[in-house]
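S.K.: Here it is: the structure, laid out below.
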2 protein chains.
Amino acid sequence: MRQSALFSHTTKELPKDEPSINAQLLIRAGYVDKLMAGVYTYLPLGLRVLNNVKNIIRKEMNDLGAQEILMPALTPKENWEKTGRWSGLDVLFRLKGVGDKEYALGATHEEVVTPLLQNYVKSYKDLPQAVYQIQDKFRNEARAKSGLLRGREFSMKDLYSFHADEADLDQYYEKAKDAYVRIFEACGLDAKIVEASGGTFSKYSHEFQVFTESGEDLVYSCAKCGIYRNKEIIDGEACECGQKWEVNKAIEVGNIFKLKTKYSAAFDFKYTNEEGKESDVQMGCYGIGPSRIVGAIAEIHHDESGLIWPEVVAPFKVHIMNLGPDAEAKNVAERLYKNLNKSGVEVLFDDRDLSAGVKLKDSDLIGLPIRIVVSSKTLATNAVELKRRDSDDIEMVDIEKIVAQLTK
Amino acid sequence: MRQSALFSHTTKELPKDEPSINAQLLIRAGYVDKLMAGVYTYLPLGLRVLNNVKNIIRKEMNDLGAQEILMPALTPKENWEKTGRWSGLDVLFRLKGVGDKEYALGATHEEVVTPLLQNYVKSYKDLPQAVYQIQDKFRNEARAKSGLLRGREFSMKDLYSFHADEADLDQYYEKAKDAYVRIFEACGLDAKIVEASGGTFSKYSHEFQVFTESGEDLVYSCAKCGIYRNKEIIDGEACECGQKWEVNKAIEVGNIFKLKTKYSAAFDFKYTNEEGKESDVQMGCYGIGPSRIVGAIAEIHHDESGLIWPEVVAPFKVHIMNLGPDAEAKNVAERLYKNLNKSGVEVLFDDRDLSAGVKLKDSDLIGLPIRIVVSSKTLATNAVELKRRDSDDIEMVDIEKIVAQLTK
């Protein structure tokens, strides 16, 4: 894409009341725009990152054998009353429509997916099943000061699994946990698996937490046992082994729950087992916020000059810029842009008529993995400059070899 | 995909209060599930169709040079007050959050996109611009009895364009109109371009209307002039040329508006022109509902046995079924399924252990473009049966030639 064609661009202006590092960086670099507290618009670059994260997650969900569906955000009050969460879930946005019909905006989707699967699962032969969606969730959060880490509207991948018995749920839960580990690794996040309470969902859960000073959660680690626990379930100074806890601030990037029969019971969702008897369906649910992942990556992968995207989530792999001053530099950069596009390399081409200083500063802020500089100076040695965003080294690459190097 | 792995399936049970043909067919064939009036879940097959439609639209938008973004559904009251639509737009869902903050759910996005572009467009050099999104919209419709044709939550592609003057807006408007014609053609819909009123958006607009008995709109046609007008702007028995109007029921599948300065003025969105003077930004907006297109296709492309998807939007191109009874038929069908998958053909494989009658009936209802039947009878002549959903002809194709025929 030509940078001159992008309507959005880097900015020095930050909205008031935006204390979070991730939102500050993403706004300054032109990835998102803040509409109001906890609610952001994805600009072209930001949407590309968000979609890359969603596709990493989608691939792992499909590999788990889960089927993608799309449930509505507008959900009926009756379903939430059945589970006690109409009044029990304080972050629920409630609203009224025609004929005083009452709705909740989906903050999570057990209340929709449970009766949905109930339509189709009648016998043990119909189990197990797993379905997921990637969709915007709405939560009426008291505070929304953490940028993309805690939004009032945010992107969520929610997977739900349905099983004949707890053993099958346990097995699937471990497989889902492994898939989550792969997702965070792919996104460049070192996520710890942390024992936690289950909130309104279940008694216990596992969270995926990334250690960072800007985190809202406190994670207790035992260096001896290698276990991690959320502060909310800690009841002492030390682990059972005697080792004193180490405490770290952390960002929660995923959360998985064994719901067991909590929601199936609320909807009287049973199946006929092999003996012909009615039995409760066992459920699990597994959430990851793609927008929160984007925020967590920004929070962790940056330096004082700007963002540093891991290649798999970067909006483009390569940032080409012509720094002139001769016309030949422009021509070579144009040709290189076209050749890389043809080879399927995703390129942002800074073809704007601006100073070298502005272009290089913008490029650092935007943070694509590889920068290629073409200038009269580099062309004097028949070369271009190649610099990785995560390194200070500059490599001179022969013009004839650069396309091959970037496509290998 | 193996049909045995799909959690969803065809059903004879229809929800109460579902008079619309499109929703009845889509529910019976297992494409959507009804959560409540005007609100549907997309099941795996339905989501594939919806995504195919979205991608057809996305390609045309990108070809128009428009940039994809993603705006929130949760929008602040202040923005709607500036345009007078907080109280003026009766379908607006309004809700309250923490601290009694008031929000509207996006029923359209002029109130978000106008101040967004205002951040970036300062001078005539920044114009023209065009941005679009594909996202769920919410409208508190008084009646929601038309299935996917009029939802309370529904998918929408909304494009907004920004221009220095009316001449440039007019030119872009015609290009967008042409793109819309191509989109509906690709989706198998014969959409007429109909003059209409602009509602709360503008004085006049153009609608894209598909004639069908189940339509909610009335379109007046002049056979002599070849013009079409929505009933709402008709003021006589005959066209200006004297020709009597022909009247048809129709479904509106798209709507485009010259907003001119209506919304830019509300936000005081001006740019500096070439003479250095402040000037109003001219705007256009262009909407298509992908979910409404899915409904319209179902409404128009079906027979008494079920759906008949145009190939570009079909969830799969080919439906393979093994009707046995010998094991060889099963083996050949399995091999064919694997070979077609390898060749990149999208296949639904009915590998379920059900009678030929049930499988063929399901296949007609689901409505994929091509059905391949493998049975001991077809194998006796070393062949498979190929039938197109939109024809009664059955072709016998040599087993060795079928993959080549389906991939050519």
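Just remember, in the structure tokens the first chain shown is A, the second B, etc., residues are 1-based per chain, and ligands are 1-based in the order shown.
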Any chance you could dump chain A, least-squares fitted to chain B on all C-alpha atoms in order, as a CSV table (one decimal) with C-alpha atoms, in the first residue's frame?

M.R.:
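Result file part10.csv:
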```csv
chain,number,residue,atom,x,y,z
A,1,MET,CA,-16.2,-30.6,5.2
A,2,ARG,CA,-17.7,-33.9,6.4
A,3,GLN,CA,-21.4,-33.5,7.0
A,4,SER,CA,-21.2,-36.0,9.9
A,5,ALA,CA,-19.0,-33.4,11.7
A,6,LEU,CA,-21.5,-30.5,11.3
A,7,PHE,CA,-23.3,-29.9,14.6
A,8,SER,CA,-26.1,-28.1,12.7
A,9,HIS,CA,-28.4,-29.9,10.3
A,10,THR,CA,-31.7,-29.6,8.5
A,11,THR,CA,-34.8,-29.4,10.6
A,12,LYS,CA,-38.6,-29.6,10.1
A,13,GLU,CA,-39.2,-27.5,13.2
A,14,LEU,CA,-39.8,-23.8,12.5
A,15,PRO,CA,-40.1,-21.2,15.3
A,16,LYS,CA,-43.5,-19.7,15.8
A,17,ASP,CA,-44.0,-16.2,14.2
A,18,GLU,CA,-41.7,-16.8,11.3
A,19,PRO,CA,-43.8,-15.9,8.3
A,20,SER,CA,-40.9,-15.0,6.0
A,21,ILE,CA,-39.9,-17.4,3.2
A,22,ASN,CA,-36.2,-16.6,3.4
A,23,ALA,CA,-35.9,-17.3,7.2
A,24,GLN,CA,-38.1,-20.4,6.9
A,25,LEU,CA,-35.8,-21.8,4.2
A,26,LEU,CA,-32.6,-20.8,5.9
A,27,ILE,CA,-33.7,-22.3,9.2
A,28,ARG,CA,-35.0,-25.5,7.7
A,29,ALA,CA,-31.8,-26.0,5.7
A,30,GLY,CA,-29.6,-25.3,8.8
A,31,TYR,CA,-28.1,-22.0,7.7
A,32,VAL,CA,-29.4,-19.8,10.6
A,33,ASP,CA,-31.1,-20.1,13.9
A,34,LYS,CA,-33.6,-17.6,15.2
A,35,LEU,CA,-32.8,-16.1,18.6
A,36,MET,CA,-35.8,-13.8,18.6
A,37,ALA,CA,-37.7,-11.5,16.2
A,38,GLY,CA,-35.2,-9.9,13.8
A,39,VAL,CA,-32.2,-11.5,15.4
A,40,TYR,CA,-30.5,-14.6,14.0
A,41,THR,CA,-27.4,-16.7,14.7
A,42,TYR,CA,-25.3,-17.8,11.6
A,43,LEU,CA,-24.6,-21.5,11.8
A,44,PRO,CA,-21.5,-22.9,10.0
A,45,LEU,CA,-23.2,-23.0,6.5
A,46,GLY,CA,-24.8,-19.6,6.9
A,47,LEU,CA,-21.6,-18.0,8.1
A,48,ARG,CA,-19.9,-19.3,5.0
A,49,VAL,CA,-22.5,-17.7,2.7
A,50,LEU,CA,-22.4,-14.4,4.7
A,51,ASN,CA,-18.6,-14.3,4.4
A,52,ASN,CA,-18.7,-15.0,0.7
A,53,VAL,CA,-21.1,-12.1,0.2
A,54,LYS,CA,-19.0,-9.8,2.4
A,55,ASN,CA,-15.9,-10.7,0.3
A,56,ILE,CA,-17.6,-9.9,-3.0
A,57,ILE,CA,-18.5,-6.5,-1.5
A,58,ARG,CA,-15.1,-6.0,0.0
A,59,LYS,CA,-13.3,-6.6,-3.3
A,60,GLU,CA,-15.5,-4.0,-5.1
A,61,MET,CA,-14.9,-1.5,-2.2
A,62,ASN,CA,-11.1,-2.0,-2.4
A,63,ASP,CA,-11.3,-1.6,-6.2
A,64,LEU,CA,-13.0,1.8,-5.6
A,65,GLY,CA,-9.9,2.8,-3.6
A,66,ALA,CA,-11.9,2.8,-0.3
A,67,GLN,CA,-10.0,2.0,2.8
A,68,GLU,CA,-11.4,-0.6,5.3
A,69,ILE,CA,-11.8,0.5,8.9
A,70,LEU,CA,-13.9,-0.8,11.8
A,71,MET,CA,-15.9,1.6,13.9
A,72,PRO,CA,-17.6,0.6,17.2
A,73,ALA,CA,-21.3,-0.2,17.6
A,74,LEU,CA,-21.3,1.7,20.9
A,75,THR,CA,-21.5,5.4,20.2
A,76,PRO,CA,-21.8,8.5,22.4
A,77,LYS,CA,-25.1,10.5,22.7
A,78,GLU,CA,-23.3,13.8,22.1
A,79,ASN,CA,-22.5,12.9,18.5
A,80,TRP,CA,-26.1,12.1,17.7
A,81,GLU,CA,-27.3,15.3,19.4
A,82,LYS,CA,-25.1,17.3,17.0
A,83,THR,CA,-27.0,15.9,14.0
A,84,GLY,CA,-30.4,16.0,15.6
A,85,ARG,CA,-30.8,12.2,15.3
A,86,TRP,CA,-30.7,11.4,19.0
A,87,SER,CA,-34.4,12.2,19.0
A,88,GLY,CA,-34.9,12.3,15.3
A,89,LEU,CA,-34.0,8.7,14.3
A,90,ASP,CA,-36.8,6.5,15.7
A,91,VAL,CA,-35.0,3.2,15.1
A,92,LEU,CA,-32.1,4.2,17.4
A,93,PHE,CA,-31.5,1.8,20.3
A,94,ARG,CA,-30.5,4.0,23.3
A,95,LEU,CA,-28.9,2.8,26.5
A,96,LYS,CA,-27.2,3.9,29.7
A,97,GLY,CA,-23.9,2.9,31.2
A,98,VAL,CA,-21.7,3.6,34.2
A,99,GLY,CA,-22.2,7.2,35.5
A,100,ASP,CA,-25.4,7.5,33.6
A,101,LYS,CA,-23.5,7.9,30.4
A,102,GLU,CA,-25.8,7.6,27.4
A,103,TYR,CA,-25.0,5.7,24.3
A,104,ALA,CA,-26.7,4.8,21.0
A,105,LEU,CA,-26.1,1.5,19.2
A,106,GLY,CA,-24.9,2.3,15.7
A,107,ALA,CA,-27.8,2.3,13.3
A,108,THR,CA,-25.6,4.0,10.7
A,109,HIS,CA,-22.2,5.7,11.2
A,110,GLU,CA,-22.3,9.3,9.9
A,111,GLU,CA,-22.0,10.4,13.6
A,112,VAL,CA,-18.7,8.5,14.0
A,113,VAL,CA,-17.1,8.7,10.6
A,114,THR,CA,-17.6,12.4,10.1
A,115,PRO,CA,-15.6,13.6,13.2
A,116,LEU,CA,-13.1,10.7,12.5
A,117,LEU,CA,-12.2,12.0,9.0
A,118,GLN,CA,-12.3,15.6,10.4
A,119,ASN,CA,-9.1,14.6,12.4
A,120,TYR,CA,-7.2,13.9,9.2
A,121,VAL,CA,-8.7,16.1,6.4
A,122,LYS,CA,-7.5,19.6,6.7
A,123,SER,CA,-6.6,20.8,3.2
A,124,TYR,CA,-7.8,20.2,-0.4
A,125,LYS,CA,-4.7,18.0,-0.7
A,126,ASP,CA,-6.3,15.5,1.8
A,127,LEU,CA,-9.3,15.1,-0.5
A,128,PRO,CA,-11.0,13.0,-1.8
A,129,GLN,CA,-11.2,10.2,0.7
A,130,ALA,CA,-13.3,7.1,1.0
A,131,VAL,CA,-13.6,4.6,4.0
A,132,TYR,CA,-15.8,1.7,4.6
A,133,GLN,CA,-16.5,-1.0,7.2
A,134,ILE,CA,-18.4,-4.2,7.4
A,135,GLN,CA,-20.0,-4.5,10.8
A,136,ASP,CA,-23.3,-5.3,12.6
A,137,LYS,CA,-25.9,-2.5,12.8
A,138,PHE,CA,-28.7,-2.3,15.3
A,139,ARG,CA,-32.2,-0.9,14.6
A,140,ASN,CA,-35.1,-0.9,16.9
A,141,GLU,CA,-37.6,-1.8,14.1
A,142,ALA,CA,-41.3,-1.7,14.9
A,143,ARG,CA,-41.9,-4.9,12.9
A,144,ALA,CA,-39.4,-7.6,12.3
A,145,LYS,CA,-41.3,-10.2,10.3
A,146,SER,CA,-39.2,-10.4,7.2
A,147,GLY,CA,-36.4,-12.7,8.3
A,148,LEU,CA,-33.0,-11.5,7.2
A,149,LEU,CA,-34.6,-8.8,5.1
A,150,ARG,CA,-35.2,-6.5,8.1
A,151,GLY,CA,-33.3,-7.4,11.2
A,152,ARG,CA,-33.0,-5.6,14.5
A,153,GLU,CA,-29.3,-6.6,14.3
A,154,PHE,CA,-27.9,-7.1,10.8
A,155,SER,CA,-24.7,-7.0,8.9
A,156,MET,CA,-24.0,-3.8,6.9
A,157,LYS,CA,-21.3,-2.6,4.7
A,158,ASP,CA,-21.2,1.2,4.9
A,159,LEU,CA,-19.0,3.3,2.7
A,160,TYR,CA,-18.5,7.0,3.2
A,161,SER,CA,-16.9,9.4,0.7
A,162,PHE,CA,-15.5,12.9,1.3
A,163,HIS,CA,-15.0,15.5,-1.4
A,164,ALA,CA,-13.8,19.0,-2.1
A,165,ASP,CA,-16.9,19.9,-4.2
A,166,GLU,CA,-20.2,18.5,-5.5
A,167,ALA,CA,-18.7,17.7,-9.0
A,168,ASP,CA,-16.2,15.3,-7.4
A,169,LEU,CA,-19.0,13.8,-5.2
A,170,ASP,CA,-21.2,13.3,-8.3
A,171,GLN,CA,-18.4,11.5,-10.1
A,172,TYR,CA,-17.6,9.2,-7.2
A,173,TYR,CA,-21.3,8.6,-6.7
A,174,GLU,CA,-21.6,7.2,-10.2
A,175,LYS,CA,-18.6,5.0,-9.7
A,176,ALA,CA,-20.0,3.6,-6.5
A,177,LYS,CA,-23.3,3.0,-8.3
A,178,ASP,CA,-21.5,1.0,-10.9
A,179,ALA,CA,-19.7,-1.0,-8.2
A,180,TYR,CA,-23.1,-1.8,-6.6
A,181,VAL,CA,-24.5,-3.0,-10.0
A,182,ARG,CA,-21.5,-5.4,-10.2
A,183,ILE,CA,-22.0,-6.6,-6.6
A,184,PHE,CA,-25.7,-7.5,-7.1
A,185,GLU,CA,-25.0,-9.1,-10.5
A,186,ALA,CA,-22.3,-11.3,-8.9
A,187,CYS,CA,-24.7,-12.3,-6.2
A,188,GLY,CA,-27.3,-13.4,-8.7
A,189,LEU,CA,-29.7,-10.5,-8.0
A,190,ASP,CA,-31.4,-8.5,-10.7
A,191,ALA,CA,-31.4,-5.1,-8.9
A,192,LYS,CA,-33.1,-2.1,-10.4
A,193,ILE,CA,-31.8,1.4,-9.7
A,194,VAL,CA,-34.7,3.2,-8.1
A,195,GLU,CA,-35.1,6.9,-7.3
A,196,ALA,CA,-36.2,7.4,-3.7
A,197,SER,CA,-36.4,9.9,-0.8
A,198,GLY,CA,-33.4,10.2,1.4
A,199,GLY,CA,-35.1,9.7,4.8
A,200,THR,CA,-33.0,11.4,7.6
A,201,PHE,CA,-30.0,11.1,5.4
A,202,SER,CA,-30.6,13.4,2.4
A,203,LYS,CA,-33.3,14.8,0.2
A,204,TYR,CA,-33.0,12.1,-2.5
A,205,SER,CA,-31.3,8.8,-2.8
A,206,HIS,CA,-31.0,5.8,-5.1
A,207,GLU,CA,-32.1,2.4,-3.9
A,208,PHE,CA,-31.3,-1.0,-5.4
A,209,GLN,CA,-34.5,-3.0,-5.5
A,210,VAL,CA,-35.1,-6.6,-6.5
A,211,PHE,CA,-38.6,-7.4,-7.7
A,212,THR,CA,-40.3,-10.2,-5.8
A,213,GLU,CA,-43.8,-10.8,-4.4
A,214,SER,CA,-42.4,-11.0,-0.8
A,215,GLY,CA,-40.9,-7.4,-1.0
A,216,GLU,CA,-42.0,-4.8,1.5
A,217,ASP,CA,-41.4,-1.9,-0.9
A,218,LEU,CA,-43.5,-0.8,-3.9
A,219,VAL,CA,-41.5,0.3,-7.0
A,220,TYR,CA,-43.2,2.2,-9.9
A,221,SER,CA,-41.7,1.6,-13.3
A,222,CYS,CA,-42.1,3.5,-16.6
A,223,ALA,CA,-41.8,1.0,-19.4
A,224,LYS,CA,-41.2,3.9,-21.9
A,225,CYS,CA,-38.5,5.9,-20.0
A,226,GLY,CA,-37.0,2.9,-18.3
A,227,ILE,CA,-37.0,4.7,-14.9
A,228,TYR,CA,-37.9,3.3,-11.5
A,229,ARG,CA,-39.3,5.2,-8.5
A,230,ASN,CA,-40.1,4.3,-5.0
A,231,LYS,CA,-43.8,4.7,-4.1
A,232,GLU,CA,-42.8,7.3,-1.5
A,233,ILE,CA,-41.9,9.9,-4.1
A,234,ILE,CA,-44.7,9.2,-6.6
A,235,ASP,CA,-47.3,11.9,-7.1
A,236,GLY,CA,-49.4,10.7,-9.9
A,237,GLU,CA,-50.9,7.9,-11.9
A,238,ALA,CA,-48.4,8.2,-14.8
A,239,CYS,CA,-44.8,9.1,-15.5
A,240,GLU,CA,-44.0,12.6,-16.9
A,241,CYS,CA,-44.0,11.1,-20.4
A,242,GLY,CA,-47.6,10.1,-20.0
A,243,GLN,CA,-47.0,6.4,-19.7
A,244,LYS,CA,-48.9,4.7,-16.9
A,245,TRP,CA,-46.8,3.3,-14.0
A,246,GLU,CA,-46.3,-0.4,-13.7
A,247,VAL,CA,-46.2,-1.4,-10.0
A,248,ASN,CA,-44.0,-4.2,-8.4
A,249,LYS,CA,-43.3,-5.4,-4.9
A,250,ALA,CA,-39.6,-5.3,-4.3
A,251,ILE,CA,-36.8,-5.9,-1.7
A,252,GLU,CA,-34.4,-3.0,-1.1
A,253,VAL,CA,-30.8,-4.5,-1.1
A,254,GLY,CA,-28.8,-1.3,-1.2
A,255,ASN,CA,-29.1,2.4,-0.8
A,256,ILE,CA,-26.8,5.3,-1.8
A,257,PHE,CA,-27.1,9.0,-0.7
A,258,LYS,CA,-25.5,12.3,-1.6
A,259,LEU,CA,-25.3,13.6,1.9
A,260,LYS,CA,-23.6,16.8,0.6
A,261,THR,CA,-22.9,19.0,3.6
A,262,LYS,CA,-25.6,17.8,5.9
A,263,TYR,CA,-23.2,16.0,8.3
A,264,SER,CA,-20.0,17.9,7.7
A,265,ALA,CA,-22.0,21.1,8.6
A,266,ALA,CA,-23.3,19.4,11.8
A,267,PHE,CA,-19.7,18.8,12.9
A,268,ASP,CA,-18.3,22.0,11.4
A,269,PHE,CA,-16.0,19.9,9.2
A,270,LYS,CA,-14.3,22.2,6.7
A,271,TYR,CA,-11.1,22.1,4.7
A,272,THR,CA,-8.8,24.8,3.3
A,273,ASN,CA,-9.3,25.1,-0.4
A,274,GLU,CA,-6.7,26.1,-3.1
A,275,GLU,CA,-7.4,29.7,-2.5
A,276,GLY,CA,-6.6,29.3,1.2
A,277,LYS,CA,-10.3,29.7,2.2
A,278,GLU,CA,-12.4,27.5,4.4
A,279,SER,CA,-14.9,25.4,2.5
A,280,ASP,CA,-17.5,22.7,3.4
A,281,VAL,CA,-16.6,19.1,2.9
A,282,GLN,CA,-19.1,17.2,0.6
A,283,MET,CA,-20.1,13.7,1.7
A,284,GLY,CA,-21.7,10.6,0.2
A,285,CYS,CA,-22.8,7.4,1.9
A,286,TYR,CA,-23.4,4.0,0.4
A,287,GLY,CA,-25.0,1.1,2.2
A,288,ILE,CA,-25.4,-2.6,1.4
A,289,GLY,CA,-26.6,-5.2,3.9
A,290,PRO,CA,-24.7,-8.5,3.4
A,291,SER,CA,-27.2,-10.3,5.6
A,292,ARG,CA,-30.1,-8.8,3.7
A,293,ILE,CA,-28.4,-10.0,0.4
A,294,VAL,CA,-28.3,-13.5,1.9
A,295,GLY,CA,-32.0,-13.2,2.7
A,296,ALA,CA,-32.9,-11.8,-0.8
A,297,ILE,CA,-31.0,-14.6,-2.5
A,298,ALA,CA,-32.9,-17.2,-0.5
A,299,GLU,CA,-36.1,-15.4,-1.2
A,300,ILE,CA,-35.5,-15.4,-5.0
A,301,HIS,CA,-33.3,-18.5,-5.6
A,302,HIS,CA,-35.3,-21.5,-4.4
A,303,ASP,CA,-37.9,-24.0,-5.5
A,304,GLU,CA,-40.3,-26.2,-3.6
A,305,SER,CA,-37.4,-28.6,-2.6
A,306,GLY,CA,-35.1,-25.9,-1.1
A,307,LEU,CA,-32.4,-23.4,-1.8
A,308,ILE,CA,-30.5,-22.9,-5.1
A,309,TRP,CA,-27.3,-20.9,-4.3
A,310,PRO,CA,-25.5,-19.1,-7.1
A,311,GLU,CA,-22.0,-20.6,-7.1
A,312,VAL,CA,-20.1,-17.5,-5.8
A,313,VAL,CA,-22.0,-17.3,-2.6
A,314,ALA,CA,-22.7,-21.1,-2.0
A,315,PRO,CA,-21.2,-22.4,1.2
A,316,PHE,CA,-19.6,-25.2,-0.8
A,317,LYS,CA,-19.5,-25.7,-4.5
A,318,VAL,CA,-20.0,-29.5,-4.5
A,319,HIS,CA,-22.1,-31.9,-2.5
A,320,ILE,CA,-20.8,-35.4,-2.6
A,321,MET,CA,-22.8,-38.3,-1.4
A,322,ASN,CA,-22.3,-42.0,-1.2
A,323,LEU,CA,-25.6,-43.9,-1.5
A,324,GLY,CA,-24.0,-47.4,-1.3
A,325,PRO,CA,-25.1,-50.0,-0.7
A,326,ASP,CA,-21.7,-51.7,-1.3
A,327,ALA,CA,-18.5,-50.7,0.6
A,328,GLU,CA,-16.9,-49.8,-2.7
A,329,ALA,CA,-19.2,-46.8,-3.2
A,330,LYS,CA,-18.1,-45.5,0.2
A,331,ASN,CA,-14.4,-45.9,-0.7
A,332,VAL,CA,-14.8,-44.2,-4.0
A,333,ALA,CA,-16.7,-41.3,-2.4
A,334,GLU,CA,-14.0,-40.9,0.3
A,335,ARG,CA,-11.3,-40.9,-2.3
A,336,LEU,CA,-13.1,-38.4,-4.5
A,337,TYR,CA,-13.7,-36.1,-1.4
A,338,LYS,CA,-10.0,-36.2,-0.6
A,339,ASN,CA,-8.9,-35.5,-4.2
A,340,LEU,CA,-11.3,-32.6,-4.6
A,341,ASN,CA,-10.2,-31.1,-1.3
A,342,LYS,CA,-6.6,-31.4,-2.5
A,343,SER,CA,-7.5,-29.6,-5.7
A,344,GLY,CA,-9.0,-26.7,-3.8
A,345,VAL,CA,-12.6,-27.5,-4.6
A,346,GLU,CA,-14.9,-26.7,-1.7
A,347,VAL,CA,-16.9,-29.8,-0.9
A,348,LEU,CA,-19.5,-30.9,1.6
A,349,PHE,CA,-19.3,-34.7,1.9
A,350,ASP,CA,-22.5,-36.4,3.1
A,351,ASP,CA,-20.8,-39.3,4.9
A,352,ARG,CA,-23.7,-39.8,7.2
A,353,ASP,CA,-25.2,-43.3,7.7
A,354,LEU,CA,-28.7,-42.4,6.5
A,355,SER,CA,-31.0,-43.5,3.7
A,356,ALA,CA,-30.6,-42.3,0.1
A,357,GLY,CA,-34.0,-40.6,0.4
A,358,VAL,CA,-33.0,-38.5,3.4
A,359,LYS,CA,-29.7,-37.6,1.9
A,360,LEU,CA,-31.1,-36.5,-1.4
A,361,LYS,CA,-33.9,-34.5,0.2
A,362,ASP,CA,-31.4,-32.8,2.5
A,363,SER,CA,-29.1,-32.1,-0.5
A,364,ASP,CA,-32.0,-30.4,-2.4
A,365,LEU,CA,-32.9,-28.3,0.7
A,366,ILE,CA,-29.2,-27.2,1.3
A,367,GLY,CA,-29.0,-26.3,-2.4
A,368,LEU,CA,-25.3,-26.5,-3.3
A,369,PRO,CA,-24.6,-25.9,-7.0
A,370,ILE,CA,-23.4,-29.4,-7.9
A,371,ARG,CA,-24.3,-32.8,-6.5
A,372,ILE,CA,-22.2,-35.8,-7.1
A,373,VAL,CA,-23.7,-39.2,-6.3
A,374,VAL,CA,-21.6,-42.3,-5.9
A,375,SER,CA,-23.5,-45.6,-5.7
A,376,SER,CA,-23.0,-49.2,-6.5
A,377,LYS,CA,-25.3,-48.5,-9.5
A,378,THR,CA,-23.2,-45.7,-10.9
A,379,LEU,CA,-20.0,-47.6,-10.3
A,380,ALA,CA,-21.3,-50.5,-12.4
A,381,THR,CA,-20.6,-48.2,-15.4
A,382,ASN,CA,-17.4,-46.9,-13.7
A,383,ALA,CA,-19.1,-43.5,-13.4
A,384,VAL,CA,-20.6,-41.0,-10.9
A,385,GLU,CA,-23.8,-39.0,-11.3
A,386,LEU,CA,-23.5,-35.2,-11.7
A,387,LYS,CA,-26.5,-33.0,-11.2
A,388,ARG,CA,-26.7,-29.2,-11.1
A,389,ARG,CA,-29.1,-27.9,-8.5
A,390,ASP,CA,-30.6,-25.5,-11.1
A,391,SER,CA,-31.3,-28.2,-13.7
A,392,ASP,CA,-33.1,-31.5,-13.8
A,393,ASP,CA,-30.5,-33.1,-16.1
A,394,ILE,CA,-28.3,-35.9,-14.8
A,395,GLU,CA,-25.0,-36.4,-16.4
A,396,MET,CA,-22.9,-39.6,-15.9
A,397,VAL,CA,-19.2,-38.8,-15.7
A,398,ASP,CA,-16.4,-41.3,-15.8
A,399,ILE,CA,-14.7,-41.6,-12.4
A,400,GLU,CA,-11.3,-40.8,-13.9
A,401,LYS,CA,-12.6,-37.6,-15.3
A,402,ILE,CA,-14.7,-36.1,-12.5
A,403,VAL,CA,-11.9,-34.2,-10.7
A,404,ALA,CA,-10.7,-32.6,-13.9
A,405,GLN,CA,-14.2,-31.6,-14.8
A,406,LEU,CA,-14.9,-30.0,-11.4
A,407,THR,CA,-11.6,-28.1,-11.3
A,408,LYS,CA,-11.5,-26.8,-14.9
```

S.K.: DSSP on the backbone, then: every residue of region 355-384 of chain A marked helix (DSSP H, G or I), written as a ChimeraX atom specification.

M.R.: /A:356-366,376-379

S.K.: Kindly export the residues of the current selection with N, CA and C atoms, as a short mmCIF file (atom, residue, chain, number, x, y, z; two decimals), in the first residue's frame.

M.R.:
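The resulting file, result.cif, is reproduced below:
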```cif
data_model
loop_
_atom_site.label_atom_id
_atom_site.label_comp_id
_atom_site.auth_asym_id
_atom_site.auth_seq_id
_atom_site.Cartn_x
_atom_site.Cartn_y
_atom_site.Cartn_z
N ALA A 356 13.48 13.30 5.03
CA ALA A 356 14.00 12.01 5.50
C ALA A 356 13.75 11.86 7.00
N GLY A 357 13.93 12.92 7.74
CA GLY A 357 13.76 12.87 9.20
C GLY A 357 12.34 12.47 9.58
N VAL A 358 11.36 13.11 8.95
CA VAL A 358 9.96 12.81 9.26
C VAL A 358 9.63 11.36 8.88
N LYS A 359 10.09 10.95 7.71
CA LYS A 359 9.78 9.59 7.25
C LYS A 359 10.38 8.53 8.18
N LEU A 360 11.63 8.72 8.58
CA LEU A 360 12.30 7.72 9.43
C LEU A 360 11.65 7.67 10.81
N LYS A 361 11.27 8.84 11.33
CA LYS A 361 10.62 8.91 12.64
C LYS A 361 9.26 8.21 12.60
N ASP A 362 8.49 8.48 11.54
CA ASP A 362 7.19 7.81 11.36
C ASP A 362 7.38 6.30 11.26
N SER A 363 8.41 5.90 10.54
CA SER A 363 8.66 4.48 10.32
C SER A 363 8.97 3.78 11.64
N ASP A 364 9.77 4.42 12.49
CA ASP A 364 10.05 3.85 13.81
C ASP A 364 8.77 3.73 14.63
N LEU A 365 7.94 4.76 14.56
CA LEU A 365 6.70 4.78 15.35
C LEU A 365 5.74 3.68 14.88
N ILE A 366 5.61 3.52 13.56
CA ILE A 366 4.69 2.52 12.98
C ILE A 366 5.20 1.11 13.24
N SER A 376 19.96 8.23 -2.86
CA SER A 376 21.07 8.42 -3.82
C SER A 376 22.36 7.88 -3.24
N LYS A 377 22.49 7.98 -1.91
CA LYS A 377 23.69 7.50 -1.25
C LYS A 377 23.81 5.97 -1.34
N THR A 378 22.70 5.26 -1.07
CA THR A 378 22.76 3.78 -1.13
C THR A 378 22.96 3.35 -2.57
N LEU A 379 22.36 4.08 -3.51
CA LEU A 379 22.45 3.68 -4.92
C LEU A 379 23.86 3.87 -5.47
#
```
